[in-house]
file my_file.csv (CSV, C-alpha atoms and all ligand atoms)
chain,number,residue,atom,x,y,z
A,1,MET,CA,-96.0,-122.3,-30.9
A,2,GLY,CA,-95.8,-125.9,-29.6
A,3,THR,CA,-93.1,-128.2,-30.7
A,4,GLN,CA,-95.6,-130.8,-31.8
A,5,ARG,CA,-98.6,-130.2,-34.0
A,6,ILE,CA,-101.9,-131.9,-33.4
A,7,LEU,CA,-104.8,-131.8,-35.9
A,8,SER,CA,-108.2,-132.8,-34.7
A,9,GLY,CA,-111.6,-132.4,-36.3
A,10,MET,CA,-115.3,-133.1,-36.3
A,11,ARG,CA,-117.9,-133.3,-39.0
A,12,PRO,CA,-120.3,-130.3,-38.8
A,13,THR,CA,-123.4,-132.0,-37.4
A,14,GLY,CA,-124.9,-128.9,-35.5
A,15,LYS,CA,-125.2,-128.5,-31.8
A,16,LEU,CA,-122.9,-130.8,-29.9
A,17,HIS,CA,-123.9,-133.1,-27.0
A,18,LEU,CA,-122.3,-134.2,-23.7
A,19,GLY,CA,-120.7,-137.2,-25.5
A,20,HIS,CA,-118.7,-134.8,-27.7
A,21,TYR,CA,-117.7,-132.9,-24.6
A,22,THR,CA,-116.3,-135.8,-22.7
A,23,GLY,CA,-115.2,-137.7,-25.8
A,24,ALA,CA,-113.2,-134.9,-27.5
A,25,LEU,CA,-113.7,-131.3,-26.5
A,26,GLU,CA,-112.3,-131.6,-23.0
A,27,SER,CA,-109.1,-133.2,-24.3
A,28,TRP,CA,-108.8,-130.7,-27.1
A,29,VAL,CA,-108.9,-127.8,-24.6
A,30,GLU,CA,-106.4,-129.6,-22.4
A,31,GLN,CA,-104.0,-130.2,-25.3
A,32,GLN,CA,-104.4,-126.6,-26.5
A,33,ASN,CA,-103.5,-125.2,-23.0
A,34,LEU,CA,-100.8,-127.7,-22.0
A,35,LEU,CA,-97.6,-125.9,-21.0
A,36,ASP,CA,-94.1,-127.3,-20.4
A,37,GLU,CA,-92.0,-126.5,-17.4
A,38,LYS,CA,-90.7,-123.3,-19.1
A,39,GLY,CA,-94.3,-122.1,-19.7
A,40,ALA,CA,-94.2,-122.8,-23.5
A,41,ARG,CA,-97.1,-124.6,-25.2
A,42,VAL,CA,-96.4,-128.3,-25.7
A,43,TYR,CA,-98.7,-128.7,-28.7
A,44,ASP,CA,-99.6,-126.5,-31.6
A,45,THR,CA,-103.3,-127.3,-32.1
A,46,CYS,CA,-105.4,-126.9,-35.3
A,47,PHE,CA,-109.1,-127.8,-35.4
A,48,LEU,CA,-110.7,-128.9,-38.6
A,49,ILE,CA,-114.4,-128.7,-39.5
A,50,ALA,CA,-114.6,-131.8,-41.7
A,51,ASP,CA,-117.4,-130.8,-44.1
A,52,TYR,CA,-116.1,-132.9,-47.0
A,53,HIS,CA,-116.2,-135.9,-44.7
A,54,ASN,CA,-119.9,-135.3,-44.2
A,55,LEU,CA,-120.4,-136.2,-47.8
A,56,THR,CA,-119.2,-139.7,-47.3
A,57,THR,CA,-122.5,-140.6,-45.6
A,58,SER,CA,-124.9,-137.9,-46.6
A,59,LEU,CA,-125.3,-135.8,-49.8
A,60,ASP,CA,-127.6,-133.3,-48.1
A,61,THR,CA,-125.8,-130.0,-47.6
A,62,SER,CA,-128.8,-127.8,-47.1
A,63,GLU,CA,-128.0,-127.2,-43.4
A,64,ILE,CA,-124.2,-127.6,-43.5
A,65,TYR,CA,-123.5,-123.9,-42.9
A,66,SER,CA,-125.9,-123.5,-40.0
A,67,HIS,CA,-124.6,-126.7,-38.5
A,68,THR,CA,-121.0,-125.5,-38.9
A,69,LEU,CA,-121.8,-122.3,-37.0
A,70,ASP,CA,-123.6,-124.2,-34.3
A,71,MET,CA,-120.7,-126.5,-33.8
A,72,LEU,CA,-118.2,-123.7,-33.9
A,73,ILE,CA,-120.1,-121.9,-31.1
A,74,ASP,CA,-119.9,-125.1,-29.0
A,75,TRP,CA,-116.2,-125.3,-29.6
A,76,LEU,CA,-115.7,-121.8,-28.5
A,77,ALA,CA,-118.0,-122.2,-25.6
A,78,ALA,CA,-116.0,-125.3,-24.5
A,79,GLY,CA,-112.8,-123.2,-24.3
A,80,ILE,CA,-111.2,-123.6,-27.8
A,81,ASP,CA,-109.2,-120.3,-28.2
A,82,PRO,CA,-109.0,-119.2,-31.8
A,83,GLU,CA,-105.9,-117.1,-31.0
A,84,LYS,CA,-104.1,-120.3,-30.1
A,85,SER,CA,-105.8,-122.8,-32.5
A,86,PRO,CA,-106.9,-122.0,-36.0
A,87,LEU,CA,-110.5,-123.2,-36.7
A,88,PHE,CA,-111.3,-123.8,-40.3
A,89,ARG,CA,-113.5,-125.6,-42.8
A,90,GLN,CA,-111.9,-128.3,-44.9
A,91,SER,CA,-113.8,-127.2,-48.0
A,92,GLN,CA,-112.4,-123.7,-47.8
A,93,VAL,CA,-108.8,-124.8,-48.1
A,94,LYS,CA,-108.6,-126.2,-51.6
A,95,GLU,CA,-105.3,-127.9,-50.9
A,96,HIS,CA,-107.2,-130.7,-49.0
A,97,ALA,CA,-108.7,-131.8,-52.3
A,98,GLU,CA,-105.5,-131.5,-54.2
A,99,LEU,CA,-103.4,-133.5,-51.7
A,100,PHE,CA,-106.2,-136.1,-51.5
A,101,LEU,CA,-106.0,-136.6,-55.2
A,102,LEU,CA,-102.3,-137.1,-55.2
A,103,PHE,CA,-102.4,-139.4,-52.2
A,104,ALA,CA,-105.1,-141.5,-53.9
A,105,MET,CA,-102.5,-142.5,-56.4
A,106,LEU,CA,-100.3,-144.0,-53.7
A,107,ILE,CA,-102.7,-146.5,-52.2
A,108,THR,CA,-104.5,-149.5,-53.7
A,109,SER,CA,-108.3,-149.9,-53.4
A,110,SER,CA,-107.7,-153.4,-51.9
A,111,ARG,CA,-105.7,-151.8,-49.1
A,112,LEU,CA,-108.6,-149.5,-48.4
A,113,GLU,CA,-111.2,-152.3,-48.6
A,114,ARG,CA,-109.3,-154.1,-45.8
A,115,ASN,CA,-109.7,-151.2,-43.5
A,116,PRO,CA,-111.5,-152.7,-40.4
A,117,THR,CA,-113.0,-149.3,-39.3
A,118,LEU,CA,-114.7,-149.0,-42.7
A,119,LYS,CA,-116.1,-152.5,-42.5
A,120,GLU,CA,-117.6,-151.7,-39.1
A,121,GLN,CA,-119.1,-148.5,-40.4
A,122,VAL,CA,-120.7,-150.3,-43.4
A,123,ARG,CA,-122.2,-152.9,-41.0
A,124,ASP,CA,-123.4,-150.2,-38.4
A,125,LEU,CA,-125.0,-148.0,-41.1
A,126,ASN,CA,-126.5,-151.0,-43.0
A,127,MET,CA,-124.9,-149.7,-46.2
A,128,GLU,CA,-125.3,-151.9,-49.3
A,129,SER,CA,-122.5,-150.3,-51.3
A,130,LEU,CA,-119.8,-147.7,-50.8
A,131,THR,CA,-119.1,-144.6,-52.9
A,132,TYR,CA,-115.6,-144.1,-54.2
A,133,GLY,CA,-115.3,-141.1,-51.9
A,134,HIS,CA,-116.3,-143.1,-48.8
A,135,LEU,CA,-113.8,-145.8,-49.6
A,136,GLY,CA,-111.2,-143.1,-49.9
A,137,TYR,CA,-112.2,-141.5,-46.6
A,138,PRO,CA,-108.9,-142.5,-44.8
A,139,VAL,CA,-107.0,-141.0,-47.7
A,140,LEU,CA,-108.7,-137.7,-47.3
A,141,GLN,CA,-108.0,-138.0,-43.6
A,142,SER,CA,-104.3,-138.6,-44.4
A,143,ALA,CA,-104.3,-135.4,-46.5
A,144,ASP,CA,-106.0,-133.5,-43.6
A,145,ILE,CA,-103.2,-134.6,-41.3
A,146,LEU,CA,-100.2,-134.3,-43.5
A,147,LEU,CA,-101.3,-131.0,-45.1
A,148,TYR,CA,-100.7,-129.3,-41.7
A,149,ARG,CA,-97.6,-131.4,-40.9
A,150,ALA,CA,-99.4,-132.8,-37.8
A,151,ASN,CA,-97.0,-135.1,-36.1
A,152,VAL,CA,-99.2,-136.3,-33.3
A,153,VAL,CA,-102.7,-137.8,-34.0
A,154,PRO,CA,-104.8,-138.3,-30.8
A,155,VAL,CA,-106.9,-141.4,-31.5
A,156,GLY,CA,-109.0,-144.0,-29.8
A,157,GLU,CA,-108.0,-147.7,-30.4
A,158,ASP,CA,-110.5,-148.0,-33.2
A,159,GLN,CA,-108.9,-145.2,-35.2
A,160,ILE,CA,-105.3,-146.7,-35.2
A,161,PRO,CA,-105.8,-148.3,-38.6
A,162,HIS,CA,-106.4,-144.9,-40.1
A,163,VAL,CA,-103.2,-143.5,-38.7
A,164,GLU,CA,-101.4,-146.5,-40.1
A,165,ILE,CA,-102.7,-145.7,-43.5
A,166,THR,CA,-101.5,-142.1,-43.1
A,167,ARG,CA,-98.0,-143.4,-42.1
A,168,GLU,CA,-97.9,-145.7,-45.1
A,169,ILE,CA,-98.9,-142.9,-47.5
A,170,ALA,CA,-96.3,-140.5,-46.0
A,171,ARG,CA,-93.6,-143.3,-46.4
A,172,LYS,CA,-94.6,-144.0,-50.0
A,173,PHE,CA,-94.7,-140.3,-50.9
A,174,ASN,CA,-91.2,-139.8,-49.4
A,175,ASN,CA,-89.8,-142.8,-51.2
A,176,HIS,CA,-91.1,-141.7,-54.6
A,177,TYR,CA,-90.6,-138.0,-54.2
A,178,PRO,CA,-87.8,-137.1,-51.9
A,179,HIS,CA,-87.5,-133.5,-50.7
A,180,PRO,CA,-84.8,-131.7,-52.7
A,181,VAL,CA,-83.2,-130.5,-49.5
A,182,ASN,CA,-84.5,-132.3,-46.4
A,183,GLY,CA,-84.9,-135.8,-48.0
A,184,GLU,CA,-88.4,-136.2,-46.7
A,185,VAL,CA,-91.5,-134.0,-47.4
A,186,PHE,CA,-93.6,-135.6,-44.7
A,187,ALA,CA,-92.8,-136.8,-41.2
A,188,GLU,CA,-94.7,-139.9,-40.3
A,189,PRO,CA,-97.3,-138.9,-37.6
A,190,ALA,CA,-97.4,-140.8,-34.4
A,191,PRO,CA,-100.7,-142.0,-32.9
A,192,LYS,CA,-101.3,-140.8,-29.4
A,193,ILE,CA,-103.6,-143.3,-27.8
A,194,THR,CA,-106.1,-141.2,-25.9
A,195,LYS,CA,-108.6,-142.7,-23.5
A,196,PHE,CA,-111.7,-140.9,-24.8
A,197,SER,CA,-114.4,-140.9,-22.2
A,198,ARG,CA,-117.5,-142.1,-24.2
A,199,LEU,CA,-120.9,-141.5,-22.7
A,200,VAL,CA,-123.8,-143.9,-23.2
A,201,GLY,CA,-127.1,-142.3,-24.3
A,202,LEU,CA,-130.0,-141.6,-22.0
A,203,ASP,CA,-131.7,-144.8,-23.4
A,204,GLY,CA,-128.7,-146.8,-22.0
A,205,LYS,CA,-128.5,-148.7,-25.2
A,206,ALA,CA,-125.9,-147.0,-27.4
A,207,LYS,CA,-123.5,-144.1,-27.3
A,208,MET,CA,-125.0,-140.6,-27.3
A,209,SER,CA,-126.1,-139.7,-30.8
A,210,LYS,CA,-128.5,-137.0,-32.1
A,211,SER,CA,-129.9,-139.4,-34.6
A,212,LEU,CA,-131.0,-141.7,-31.7
A,213,GLY,CA,-132.6,-138.9,-29.8
A,214,ASN,CA,-130.8,-139.9,-26.6
A,215,THR,CA,-128.6,-136.8,-25.9
A,216,ILE,CA,-128.1,-133.9,-23.5
A,217,LEU,CA,-126.9,-131.0,-25.6
A,218,LEU,CA,-124.2,-128.6,-24.4
A,219,ALA,CA,-126.8,-125.9,-25.2
A,220,ASP,CA,-129.4,-127.3,-22.9
A,221,GLY,CA,-130.2,-125.2,-19.8
A,222,PRO,CA,-130.8,-126.6,-16.3
A,223,ASP,CA,-134.6,-127.2,-16.8
A,224,GLU,CA,-134.1,-129.0,-20.0
A,225,ILE,CA,-131.4,-131.2,-18.5
A,226,GLN,CA,-133.6,-132.1,-15.5
A,227,LYS,CA,-136.4,-132.9,-18.0
A,228,LYS,CA,-134.2,-135.2,-20.1
A,229,MET,CA,-132.6,-136.8,-17.1
A,230,ARG,CA,-136.0,-138.0,-15.9
A,231,THR,CA,-136.2,-140.2,-19.1
A,232,ALA,CA,-132.8,-141.8,-18.4
A,233,VAL,CA,-132.8,-145.6,-18.0
A,234,THR,CA,-131.7,-146.9,-14.6
A,235,ASP,CA,-131.4,-150.4,-13.1
A,236,THR,CA,-134.6,-152.1,-14.4
A,237,GLN,CA,-134.7,-154.3,-11.3
A,238,LYS,CA,-135.0,-151.4,-9.0
A,239,LEU,CA,-138.8,-150.8,-9.2
A,240,ARG,CA,-139.4,-149.0,-5.9
A,241,LYS,CA,-137.4,-146.3,-4.1
A,242,ASN,CA,-136.3,-148.7,-1.3
A,243,ASP,CA,-135.4,-151.6,-3.6
A,244,PRO,CA,-131.6,-152.2,-3.6
A,245,GLY,CA,-130.1,-151.2,-6.9
A,246,ARG,CA,-127.1,-152.0,-9.1
A,247,PRO,CA,-125.2,-148.8,-9.9
A,248,GLU,CA,-122.9,-150.7,-12.2
A,249,VAL,CA,-125.7,-151.3,-14.8
A,250,CYS,CA,-127.3,-147.8,-14.4
A,251,THR,CA,-127.0,-145.1,-17.0
A,252,VAL,CA,-127.4,-142.3,-14.5
A,253,TYR,CA,-124.6,-143.7,-12.3
A,254,SER,CA,-122.3,-143.7,-15.3
A,255,TYR,CA,-123.0,-140.0,-15.7
A,256,HIS,CA,-122.4,-139.5,-12.0
A,257,SER,CA,-119.0,-141.1,-12.4
A,258,LYS,CA,-118.1,-138.3,-14.8
A,259,PHE,CA,-119.8,-135.3,-13.3
A,260,SER,CA,-120.0,-135.9,-9.5
A,261,SER,CA,-117.2,-135.7,-7.0
A,262,PRO,CA,-115.5,-139.0,-5.8
A,263,GLU,CA,-117.1,-138.6,-2.4
A,264,GLN,CA,-120.6,-138.1,-3.9
A,265,LEU,CA,-120.1,-141.1,-6.2
A,266,SER,CA,-119.0,-143.4,-3.4
A,267,ALA,CA,-122.0,-142.3,-1.2
A,268,LEU,CA,-124.5,-142.7,-4.1
A,269,GLY,CA,-123.2,-146.2,-4.9
A,270,SER,CA,-123.5,-147.4,-1.3
A,271,ASP,CA,-127.0,-145.8,-0.9
A,272,CYS,CA,-128.2,-147.2,-4.1
A,273,ARG,CA,-127.1,-150.7,-3.2
A,274,ALA,CA,-128.6,-150.4,0.3
A,275,GLY,CA,-131.9,-149.3,-1.1
A,276,SER,CA,-131.8,-146.0,0.7
A,277,LEU,CA,-131.7,-143.8,-2.4
A,278,GLY,CA,-134.5,-143.4,-4.9
A,279,CYS,CA,-133.8,-142.9,-8.6
A,280,VAL,CA,-135.7,-139.6,-8.7
A,281,ASP,CA,-133.5,-138.0,-6.2
A,282,CYS,CA,-130.4,-139.6,-7.8
A,283,LYS,CA,-131.4,-138.2,-11.2
A,284,THR,CA,-132.1,-134.7,-9.8
A,285,LEU,CA,-128.6,-134.6,-8.3
A,286,CYS,CA,-127.0,-135.9,-11.5
A,287,ALA,CA,-128.8,-133.2,-13.6
A,288,THR,CA,-127.8,-130.5,-11.2
A,289,ASN,CA,-124.1,-131.6,-11.3
A,290,ILE,CA,-124.2,-131.7,-15.1
A,291,SER,CA,-125.8,-128.2,-15.3
A,292,GLN,CA,-123.1,-126.8,-12.9
A,293,GLU,CA,-120.3,-128.2,-15.1
A,294,LEU,CA,-122.0,-126.8,-18.3
A,295,ALA,CA,-122.9,-123.4,-16.8
A,296,PRO,CA,-119.7,-121.6,-18.0
A,297,LEU,CA,-120.2,-123.1,-21.5
A,298,LEU,CA,-123.8,-122.0,-21.6
A,299,GLU,CA,-122.7,-118.5,-20.6
A,300,ARG,CA,-120.0,-118.4,-23.3
A,301,ARG,CA,-122.5,-119.8,-25.8
A,302,ARG,CA,-124.9,-117.0,-25.1
A,303,TYR,CA,-122.0,-114.5,-25.7
A,304,TYR,CA,-121.2,-115.9,-29.1
A,305,GLU,CA,-124.8,-116.4,-30.1
A,306,THR,CA,-125.4,-112.7,-29.9
A,307,ARG,CA,-122.2,-111.9,-31.8
A,308,MET,CA,-122.5,-113.9,-35.0
A,309,ASP,CA,-120.2,-111.5,-36.9
A,310,LEU,CA,-117.5,-112.3,-34.4
A,311,VAL,CA,-118.0,-116.1,-34.9
A,312,LYS,CA,-117.9,-115.7,-38.7
A,313,ASN,CA,-114.7,-113.6,-38.4
A,314,ILE,CA,-113.1,-116.2,-36.2
A,315,LEU,CA,-113.8,-118.8,-39.0
A,316,PHE,CA,-112.5,-116.4,-41.7
A,317,ASP,CA,-109.3,-115.7,-39.7
A,318,GLY,CA,-108.7,-119.4,-39.0
A,319,GLU,CA,-109.1,-120.2,-42.7
A,320,ILE,CA,-106.5,-117.6,-43.7
A,321,LYS,CA,-104.0,-119.2,-41.2
A,322,ALA,CA,-104.9,-122.7,-42.5
A,323,LYS,CA,-104.5,-121.7,-46.1
A,324,LEU,CA,-101.0,-120.3,-45.4
A,325,ILE,CA,-99.8,-123.5,-43.9
A,326,ALA,CA,-101.5,-125.6,-46.6
A,327,SER,CA,-100.1,-123.6,-49.5
A,328,GLN,CA,-96.6,-123.9,-48.1
A,329,THR,CA,-96.9,-127.7,-47.8
A,330,MET,CA,-98.3,-127.9,-51.4
A,331,GLN,CA,-95.5,-125.9,-52.8
A,332,GLU,CA,-93.1,-128.4,-51.3
A,333,VAL,CA,-95.2,-131.3,-52.6
A,334,ARG,CA,-95.3,-129.9,-56.1
A,335,ALA,CA,-91.6,-129.2,-56.1
A,336,ALA,CA,-90.8,-132.7,-54.9
A,337,MET,CA,-93.1,-134.1,-57.6
A,338,LYS,CA,-91.8,-131.7,-60.2
A,339,LEU,CA,-95.3,-130.8,-61.0
A,340,GLY,CA,-95.9,-127.3,-62.5
A,341,GLU,CA,-92.3,-126.7,-63.5
A,342,LEU,CA,-92.2,-124.3,-66.4
A,343,ALA,CA,-89.6,-123.5,-69.0
A,344,PRO,CA,-89.4,-119.8,-69.6
A,345,ILE,CA,-91.9,-118.8,-72.2
A,346,HIS,CA,-91.0,-116.1,-74.7
A,347,TYR,CA,-93.8,-114.5,-76.7
A,348,HIS,CA,-93.0,-112.9,-80.0
A,349,GLY,CA,-95.6,-110.5,-81.0
A,350,GLN,CA,-99.3,-110.8,-80.2
A,351,THR,CA,-100.6,-114.1,-79.2
A,352,GLU,CA,-104.1,-115.2,-80.1
A,353,CYS,CA,-106.4,-117.7,-78.5
A,401,LIG,S1,-130.5,-144.9,-7.3
A,401,LIG,FE1,-129.3,-143.9,-8.9
A,401,LIG,S2,-127.6,-145.3,-9.3
A,401,LIG,FE2,-129.2,-146.4,-8.3
A,401,LIG,S3,-130.4,-147.3,-9.9
A,401,LIG,FE3,-131.4,-145.4,-9.3
A,401,LIG,S4,-130.5,-143.8,-10.6
A,401,LIG,FE4,-129.2,-145.6,-10.8

call {"tool": "encode", "arguments": {"input": "my_file.csv", "output": "structure tokens", "more": "lines below"}}
Ligand code: SF4
result
Amino acid sequence: MGTQRILSGMRPTGKLHLGHYTGALESWVEQQNLLDEKGARVYDTCFLIADYHNLTTSLDTSEIYSHTLDMLIDWLAAGIDPEKSPLFRQSQVKEHAELFLLFAMLITSSRLERNPTLKEQVRDLNMESLTYGHLGYPVLQSADILLYRANVVPVGEDQIPHVEITREIARKFNNHYPHPVNGEVFAEPAPKITKFSRLVGLDGKAKMSKSLGNTILLADGPDEIQKKMRTAVTDTQKLRKNDPGRPEVCTVYSYHSKFSSPEQLSALGSDCRAGSLGCVDCKTLCATNISQELAPLLERRRYYETRMDLVKNILFDGEIKAKLIASQTMQEVRAAMKLGELAPIHYHGQTEC
């Protein structure tokens, strides 16, 4: 077990794309496998399938199970090891909902309305009004983190306000309900600013997103990747093969910077600028390099796809482990709050309802 616990999660949106890989999965695997100088794990990692969070922006749950399994397979294919990291659904550990309710009493609605991340989301999704659950999304996230006593939260700059809310809730809880022995039930988690490598979509306009149809999926084979890469937006001023190009504005070059070697990248940049490289050849090489990087994932995906019972058992086992941690935390929470204390009950004779 690592000395620090990290909880990370994703909403179950089905098959994942390259943006998920560079933006999260790669660092999850790195954190999971990181060892100190004595060979011990640095982090104890837990990975959450945030299915309740899905409901903040969509009430449609018809495909939530198939999307969960698809995402889970991608996690496993990327190298998440269920022996090291429990993988579990939020909805199957009831303590998430219980702790969310208790935490909801510790924060004001005006504090949540000031959350800048929420304001951006409302603007980006063109939302006219918010549900009560959506407003409380950072409170649910606080419950997710503190339920597992996660003390490190890897975040991008935009997520720092959420960690601050979690810290405030932990402080307020500890002030109101001190632990009978330790003084504090919750340690305040620390944000770990992580430079997530975000990928722009094939259209070059926005980040990769399935809803925008501009993705390369982790499940795509080499032919599909070549096909999709042909649609990628390049430097619009480079019309002919021998026109000099500007790699710095090219979507394909941004992929090269992630999936090609430094030597290749440098040569591609110079050749593009000199007009000695055509976009077709450049895209073919880019697609080949991405396929090579994804080849081991594709192989592992095929392994799990043909063993769905194993995948379901992995989820089941992860949920048992998660429930154990969650129920221990909630026992301490209830004890600190003096909820559920009972005086001994003596029954005399038969009781009737
Ligand atoms: S040659 Fe490559 S880097 Fe240059 S504009 Fe075309 S695709 Fe982009």

call {"tool": "residues_near_ligand", "arguments": {"input": "my_file.csv", "ligand": "ligand LIG 401 (chain A)", "cutoff": "6 Å", "atoms": "only C-alpha atoms and all ligand atoms", "output": "ChimeraX atom specification"}}
result
/A:234-235,245-247,250,252-253,272,277-279,282-283

call {"tool": "write_last_selection", "arguments": {"input": "my_file.csv", "atoms": "C-alpha atoms", "output": "CSV table (one decimal), in the frame of the given file"}}
result
chain,number,residue,atom,x,y,z
A,234,THR,CA,-131.7,-146.9,-14.6
A,235,ASP,CA,-131.4,-150.4,-13.1
A,245,GLY,CA,-130.1,-151.2,-6.9
A,246,ARG,CA,-127.1,-152.0,-9.1
A,247,PRO,CA,-125.2,-148.8,-9.9
A,250,CYS,CA,-127.3,-147.8,-14.4
A,252,VAL,CA,-127.4,-142.3,-14.5
A,253,TYR,CA,-124.6,-143.7,-12.3
A,272,CYS,CA,-128.2,-147.2,-4.1
A,277,LEU,CA,-131.7,-143.8,-2.4
A,278,GLY,CA,-134.5,-143.4,-4.9
A,279,CYS,CA,-133.8,-142.9,-8.6
A,282,CYS,CA,-130.4,-139.6,-7.8
A,283,LYS,CA,-131.4,-138.2,-11.2

call {"tool": "residues_around", "arguments": {"input": "my_file.csv", "residues": "Ser327 of chain A", "least_positions_apart": "2", "cutoff": "12 Å", "atoms": "all atoms listed in the file", "output": "list in words"}}
result
Val93, Lys94, Glu95, His96, Glu98, Leu99, Leu147, Tyr148, Arg149, Glu319, Ile320, Lys321, Ala322, Lys323, Leu324, Ile325, Thr329, Met330, Gln331, Glu332, Val333 and Arg334 of chain A

call {"tool": "residues_around", "arguments": {"input": "my_file.csv", "residues": "segment 86-92 of chain A", "least_positions_apart": "3", "cutoff": "9 Å", "atoms": "only C-alpha atoms", "output": "list in words"}}
result
Thr45, Cys46, Phe47, Leu48, Ile49, Ala50, Asp51, Tyr52, His53, Thr68, Leu72, Ile80, Asp81, Pro82, Glu83, Glu95, His96, Ala97, Asp144, Ile314, Leu315, Phe316, Asp317, Gly318, Glu319, Ile320, Lys321, Ala322 and Lys323 of chain A

call {"tool": "write_last_selection", "arguments": {"input": "my_file.csv", "atoms": "C-alpha atoms", "output": "PDB file, in the coordinates of the input"}}
result
ATOM      1  CA  THR A  45    -103.300-127.300 -32.100  1.00  0.00           C
ATOM      2  CA  CYS A  46    -105.400-126.900 -35.300  1.00  0.00           C
ATOM      3  CA  PHE A  47    -109.100-127.800 -35.400  1.00  0.00           C
ATOM      4  CA  LEU A  48    -110.700-128.900 -38.600  1.00  0.00           C
ATOM      5  CA  ILE A  49    -114.400-128.700 -39.500  1.00  0.00           C
ATOM      6  CA  ALA A  50    -114.600-131.800 -41.700  1.00  0.00           C
ATOM      7  CA  ASP A  51    -117.400-130.800 -44.100  1.00  0.00           C
ATOM      8  CA  TYR A  52    -116.100-132.900 -47.000  1.00  0.00           C
ATOM      9  CA  HIS A  53    -116.200-135.900 -44.700  1.00  0.00           C
ATOM     10  CA  THR A  68    -121.000-125.500 -38.900  1.00  0.00           C
ATOM     11  CA  LEU A  72    -118.200-123.700 -33.900  1.00  0.00           C
ATOM     12  CA  ILE A  80    -111.200-123.600 -27.800  1.00  0.00           C
ATOM     13  CA  ASP A  81    -109.200-120.300 -28.200  1.00  0.00           C
ATOM     14  CA  PRO A  82    -109.000-119.200 -31.800  1.00  0.00           C
ATOM     15  CA  GLU A  83    -105.900-117.100 -31.000  1.00  0.00           C
ATOM     16  CA  GLU A  95    -105.300-127.900 -50.900  1.00  0.00           C
ATOM     17  CA  HIS A  96    -107.200-130.700 -49.000  1.00  0.00           C
ATOM     18  CA  ALA A  97    -108.700-131.800 -52.300  1.00  0.00           C
ATOM     19  CA  ASP A 144    -106.000-133.500 -43.600  1.00  0.00           C
ATOM     20  CA  ILE A 314    -113.100-116.200 -36.200  1.00  0.00           C
ATOM     21  CA  LEU A 315    -113.800-118.800 -39.000  1.00  0.00           C
ATOM     22  CA  PHE A 316    -112.500-116.400 -41.700  1.00  0.00           C
ATOM     23  CA  ASP A 317    -109.300-115.700 -39.700  1.00  0.00           C
ATOM     24  CA  GLY A 318    -108.700-119.400 -39.000  1.00  0.00           C
ATOM     25  CA  GLU A 319    -109.100-120.200 -42.700  1.00  0.00           C
ATOM     26  CA  ILE A 320    -106.500-117.600 -43.700  1.00  0.00           C
ATOM     27  CA  LYS A 321    -104.000-119.200 -41.200  1.00  0.00           C
ATOM     28  CA  ALA A 322    -104.900-122.700 -42.500  1.00  0.00           C
ATOM     29  CA  LYS A 323    -104.500-121.700 -46.100  1.00  0.00           C
TER      30      LYS A 323
END

call {"tool": "atom_distance", "arguments": {"input": "my_file.csv", "atom1": "atom CA of Val152 of chain A", "atom2": "atom CA of Ala190 of chain A"}}
result
5.0 Å

call {"tool": "residues_near_point", "arguments": {"input": "my_file.csv", "point": "(-133.6, -126.9, -16.6)", "cutoff": "12 Å", "atoms": "all atoms listed in the file", "output": "JSON, numbers by chain"}}
result
{"A": [216, 217, 219, 220, 221, 222, 223, 224, 225, 226, 227, 228, 229, 230, 284, 287, 288, 289, 290, 291, 292, 294, 295]}

call {"tool": "closest_residue", "arguments": {"input": "my_file.csv", "among": "A:Leu140, A:Leu218, A:Ile165, A:Val249", "to": "Gly14 of chain A", "atoms": "only C-alpha atoms"}}
result
A:Leu218

call {"tool": "closest_residue", "arguments": {"input": "my_file.csv", "among": "A:Met127, A:Trp28, A:Gln121, A:Lys338", "to": "Leu76 of chain A", "atoms": "all atoms listed in the file"}}
result
A:Trp28

call {"tool": "closest_atom_pairs", "arguments": {"input": "my_file.csv", "of": "segment 58-134 of chain A", "to": "segment 298-305 of chain A", "cutoff": "7 Å", "atoms": "only C-alpha atoms", "output": "tab-separated table"}}
result
residue	atom	partner	partner_atom	distance
A:Ile73	CA	A:Arg301	CA	6.2
A:Asp74	CA	A:Arg301	CA	6.7
A:Ala77	CA	A:Arg300	CA	4.9

call {"tool": "atom_distance", "arguments": {"input": "my_file.csv", "atom1": "atom CA of Phe100 of chain A", "atom2": "atom CA of Lys84 of chain A"}}
result
26.7 Å

call {"tool": "closest_residue", "arguments": {"input": "my_file.csv", "among": "A:Phe173, A:Phe186, A:Tyr21, A:Tyr255", "to": "Ile107 of chain A", "atoms": "all atoms listed in the file"}}
result
A:Phe173

call {"tool": "residues_around", "arguments": {"input": "my_file.csv", "residues": "Pro116 of chain A", "least_positions_apart": "6", "cutoff": "10 Å", "atoms": "only C-alpha atoms", "output": "PyMOL selection string"}}
result
chain A and resi 122+158-159+161-162

call {"tool": "residues_around", "arguments": {"input": "my_file.csv", "residues": "Arg198 of chain A", "least_positions_apart": "2", "cutoff": "7 Å", "atoms": "all atoms listed in the file", "output": "list of chain:residue names"}}
result
A:Gly19, A:Thr22, A:Gly23, A:Phe196, A:Val200

call {"tool": "write_last_selection", "arguments": {"input": "my_file.csv", "atoms": "C-alpha atoms", "output": "short mmCIF file (atom, residue, chain, number, x, y, z; two decimals), in the coordinates of the input"}}
result
data_model
loop_
_atom_site.label_atom_id
_atom_site.label_comp_id
_atom_site.auth_asym_id
_atom_site.auth_seq_id
_atom_site.Cartn_x
_atom_site.Cartn_y
_atom_site.Cartn_z
CA GLY A 19 -120.70 -137.20 -25.50
CA THR A 22 -116.30 -135.80 -22.70
CA GLY A 23 -115.20 -137.70 -25.80
CA PHE A 196 -111.70 -140.90 -24.80
CA VAL A 200 -123.80 -143.90 -23.20
#

call {"tool": "closest_residue", "arguments": {"input": "my_file.csv", "among": "A:Gln141, A:Asp44, A:Ala150, A:Thr108", "to": "Met10 of chain A", "atoms": "all atoms listed in the file"}}
result
A:Gln141
